[in-house]
Amino acid sequence: MESNDERLAIREVRLGATRAEGGTREVSYAIGGERDLPFSGKRPERLLVALEICDDPQFWPPVVRDYVGDLANDTAEWARAAERTYGADLVRLNFTSTKQRGFDAFGAIAATTEEVLAATARPLIVEGSNEPELDSEVFRRSGEAGEGERLLLGTAEADRYRSVAAAALAYGHAVIAQSPIDVNLAKQLNILLRETGVPQDRIVIDPYTGALGYGFEYTYSVMERIRLAALAGDADLAMPMISAPTDTLSIREVREAAPADREAMAVAWEFYTAYAAVVAGASIVCVRHPLTVARLKTALEG
Amino acid sequence: MDSLVTAIEHGRTGLDARMQALAGKLAYPETAYALPVAYAVTGIAVRDANGAREAYRQSGNNLLVACECLMAGEGGVASPYTGFIADAVLRRLGYTLVDGSVTGLGLLVGTPESPDAAAAICREMQEKYLLTFLAGGVVEALSGAGVRLGLDYRLVPLGPESAHGIHFADILARVAMMFGGVQPGDVHSLLGYAAERAKAFVIVFGGLTDEETAFVDALRVLGIPILSAGGGYEGGEWIGIAPAEAVRTGMDLRGIRVTVTAIPIPMACSPAFEGKSIRKEEMYVEFGGGRTPAFELLRMRPREEIEDGKVTVVGPDLDDVRTGSALPLAILVDVAGARMKADYEPVIERRIHTFINYGEGSWHVAQRDLIWVRLSKEAVAKGVRIRDIGTLLAHKLKAEFPDHIDAVQVTLVTDREQVEGMLVEAREVYARRDERISGMKDEDVETFYSCTLCQTFAPNHVCVITPERPALCGAITWLDARVAHDIAPAGANQPVPKGEMVDALYGEFVGVNRFVKKASHGEVDRVSLYSMIENPMTACGCFECIAAIVPEVNGILVVSRDFAGETPLGMTFSTLAGTIGGGAQTPGFIGISKNYILSDRFLAAENGIMRVVWMPSSLKEELGDRLRERLAAQGVPDLFAKIADEVSAPTIEDLVLFLERVKHPALTMRSLI
């Protein structure tokens, strides 16, 4: 019977490569492998928390900038602190510099990727550009700079997945496949990636989310449906999930909080949304406020 | 024997002899793939002459393997030539191929008679986003003509001799291994990758030695067409061509198309908008949906009758109508393509639904002459006009069916008189399409087809399409689904092996159940194809008709989408539709196509057509003679008159009286409930 065969488990995706695996990370992770709904069966080995950083802080939430201070101006130090000071399992590097008008500093993309890889020994998630026209060059540079390190590259979407897929294929990385809160579009994108040649054990689904109280419930249902479909045998949805509730830091409750409460409000909102995403089945949650990392780790280990 | 074949034979003999005489160590610099062609074809990592001979033997004396080994024995080349391209550089090149920033690969070899003609070819290759490799006298000729060469210009000079063109083959072999997951030694996947992914062609000029001729000819094994643009090669499998035609021909032969992704219309267009609807309050104008005549028709036309990309609007456009109006609409799409077939028409026509829904401010339901289209106030305020629907369709059709459609033109007619005239013709086309399937029986085939096109609206709905049961939207027959699967093997129509039969009368099959369970994401375990009570098929929202049980008379009524009045159940079509759609199984109610009513398998488990007690007169009229024939064949020619309609039985009380008066057989059948 099919019920207990391999196909009904979520595929394992490996992130990061240790020296023995051809990279330079001190640790690598295998996410996925679940055979049940979250928390109903065997608990996953570990749930991972990524701290997001960026290479141009002018495009970063003020509440985080205020907290990290000068670190924001030194991407490598920020990455080092993410691991050593804040205790993140992974670092997610966002190339916000590509948001600058007329961006063409592609050399800096490779250099920053290398610096961040040197500064942290944890596996790295790399977010490409915000402009489709820049995608090709940005993914190629960062993918090449991270060759052998099994990066998790983001983000593939239905109408812009080729560049990130090409970088994953060329340099041996995994891909985040993001769809707008829709189980069928998630599946369609995974099929497109498969047809491009990306192996299914190198895809992580990002079902996309808003903040808790701002539509998170839709994401929750879609995550549940993705997981149910996967457990019922749909191989094109049998991938682990990642969630990045980035909107939580710019919602009204945070923006309009009294200055003294703003940080606590931001961390609370980010924490509860990320925690809910874990409950819905995310293997990795990505947050931006350093204090949220510790809070999540305590909650997840407790 | 013709001259080309003679040259190839001479070349083969020469290469063969040199292979036997080869000696010493062999290696290319900076690669993990040894001698890549030999490695990909045989799995042998060649290091020296003996290894080379073994690989050559195992490859069945493949001349590409021979040329590669011989080239590895020679020294490198000086700048500006690249010679063998290192893995690191190749990864970047391969990246652009997967990425789509390069559409295909070309190799130019030999010495052109006219440098300017060669320069023109290169310019065209650049314009078409092709990555071009150059080997032989063509490099000098181009430099002389002032053409800039190098990776940045997508013109890569491999070497001064045409024989250096062998690096083109080692590039293809490595791209297949790096990006295509092709394992060394797996010739089958290598050839598959070369044929489908690495779309390449060769343009040959004159001045090749016999050995070089033999090498170029050997590239054909990778599915690469050889276009000879001068040089006087005759015979063999090479295609003689004027230089000016070379690039276009090469692209046509390999199906390389430059696609424009941005559609020049003033609204966003993406699958993300597919599931949203435009409510009455948000609507600026609508077409069809019962208010006005409207239809869509896609037809194949000879290429010369189509002006690609042309959109024509006949009749009033939106500037002439007020908010909330309804206009008639004919969407006439003409397509042409070398690989287009008339059989594909209905399948591609059905995609009009999907594409119009991609528009941020456009909405479409149903199909054929039942369509209902809306444009939102917001979209119209941003400048969207009727013409934009045509532009959207023309772009999407070409982008989604690049292998089948080379040219599209769209005509949108909003003039009532003209639409009504064309409607007659369109209905004839629909009828002809329906006829092709008539006569086929479910027991004649081993495979049914699924349709999950509507899962964006009804995520767990699965249509199972059999020869005797078309999709419930009426737009896809079993033949259409088979064709759709041909066109898009990963698409919404998948083969469903029937498997073992569980129940012949109810139409339950092991294979169908297995498929539906998976495709419905585990929601539906069992489906009876011929029953509306036991595990009926789910419905999306596109059904042409609804069949519903009328308990009071032990019968079934069928109401079609175009009937706006109330049925004897006290509900209109749209009220009923609201109860049964969305991908659920609703025993006692089912969404069906009109043609299914005429099928031998029509709700066979509930005694089929004999149970039908009521239909709107429009549906009865439309089925007309075909229904009479069907009833006569069943031995009940008088049943036609016994089926009530909205005039003879508007309410349930009237229906009871009517059926008793005509002695409808349903009254005395076994109880349905």
# chains A, B, ... in the order shown; residues from 1 in each chain; ligands from 1

$ residues_around --residues "Leu48 (chain A)" --least-positions-apart "6" --cutoff "8 Å" --atoms "only C-alpha atoms" --output "PyMOL selection string"
chain A and resi 89-90+283-285

$ interface_residues --of "chain B" --to "chain A" --cutoff "10 Å" --atoms "only C-alpha atoms" --output "count of residues only"
38

$ closest_residue --among "B:Ala195, B:Ile487, B:Ile673, B:Leu108" --to "Leu134 (chain B)" --atoms "only C-alpha atoms"
B:Leu108

$ closest_residue --among "B:Pro346, B:Phe602, B:Ala633, B:Gly570" --to "Leu655 (chain B)" --atoms "only C-alpha atoms"
B:Gly570

$ residues_around --residues "Asp116 (chain B)" --least-positions-apart "6" --cutoff "12 Å" --atoms "only C-alpha atoms" --output "ChimeraX atom specification"
/B:122-123,138,141-147,243-244

$ residues_around --residues "region 78-84 of chain B" --least-positions-apart "3" --cutoff "10 Å" --atoms "only C-alpha atoms" --output "list in words"
Tyr28, Pro29, Glu30, Thr31, Met71, Ala72, Gly75, Asp87, Leu90, Leu134, Ala135, Val139, Leu149, Gly150, Leu151, Val156, Pro157, Leu158, Gly159, Pro160, His164, Gly165, Ile166, His167, Phe168, Asp170 and Ile171 of chain B

$ select_by_dssp --residues "region 484-599 of chain B" --states "helix (DSSP H, G or I)" --output "PyMOL selection string"
chain B and resi 484-487+510-519+551-553+573-580+594-597

$ write_last_selection --atoms "C-alpha atoms" --output "compact mmCIF listing (two decimals), in the first residue's frame"
# COMPACT_ATOMS: atom_id res chain seq x y z
CA ALA B 484 -4.69 19.03 -24.29
CA HIS B 485 -2.51 16.45 -22.63
CA ASP B 486 -0.51 16.20 -25.86
CA ILE B 487 0.04 19.94 -25.95
CA VAL B 510 -10.54 1.65 -9.04
CA GLY B 511 -8.20 3.80 -11.15
CA VAL B 512 -10.62 6.73 -11.21
CA ASN B 513 -11.07 6.60 -7.43
CA ARG B 514 -7.32 6.52 -6.90
CA PHE B 515 -6.80 9.47 -9.21
CA VAL B 516 -9.62 11.57 -7.79
CA LYS B 517 -8.46 11.01 -4.23
CA LYS B 518 -5.06 12.39 -5.12
CA ALA B 519 -6.23 15.23 -7.35
CA PRO B 551 -38.57 14.01 -4.63
CA GLU B 552 -42.30 14.76 -4.97
CA VAL B 553 -42.44 13.10 -8.39
CA PHE B 573 -30.30 28.03 -11.74
CA SER B 574 -28.08 30.42 -9.85
CA THR B 575 -29.58 29.50 -6.47
CA LEU B 576 -29.05 25.83 -7.24
CA ALA B 577 -25.54 26.56 -8.51
CA GLY B 578 -24.71 28.22 -5.23
CA THR B 579 -25.65 25.04 -3.37
CA ILE B 580 -23.70 22.53 -5.40
CA LYS B 594 -25.73 19.50 -22.18
CA ASN B 595 -24.30 16.73 -24.30
CA TYR B 596 -24.15 14.36 -21.37
CA ILE B 597 -27.97 14.39 -21.34
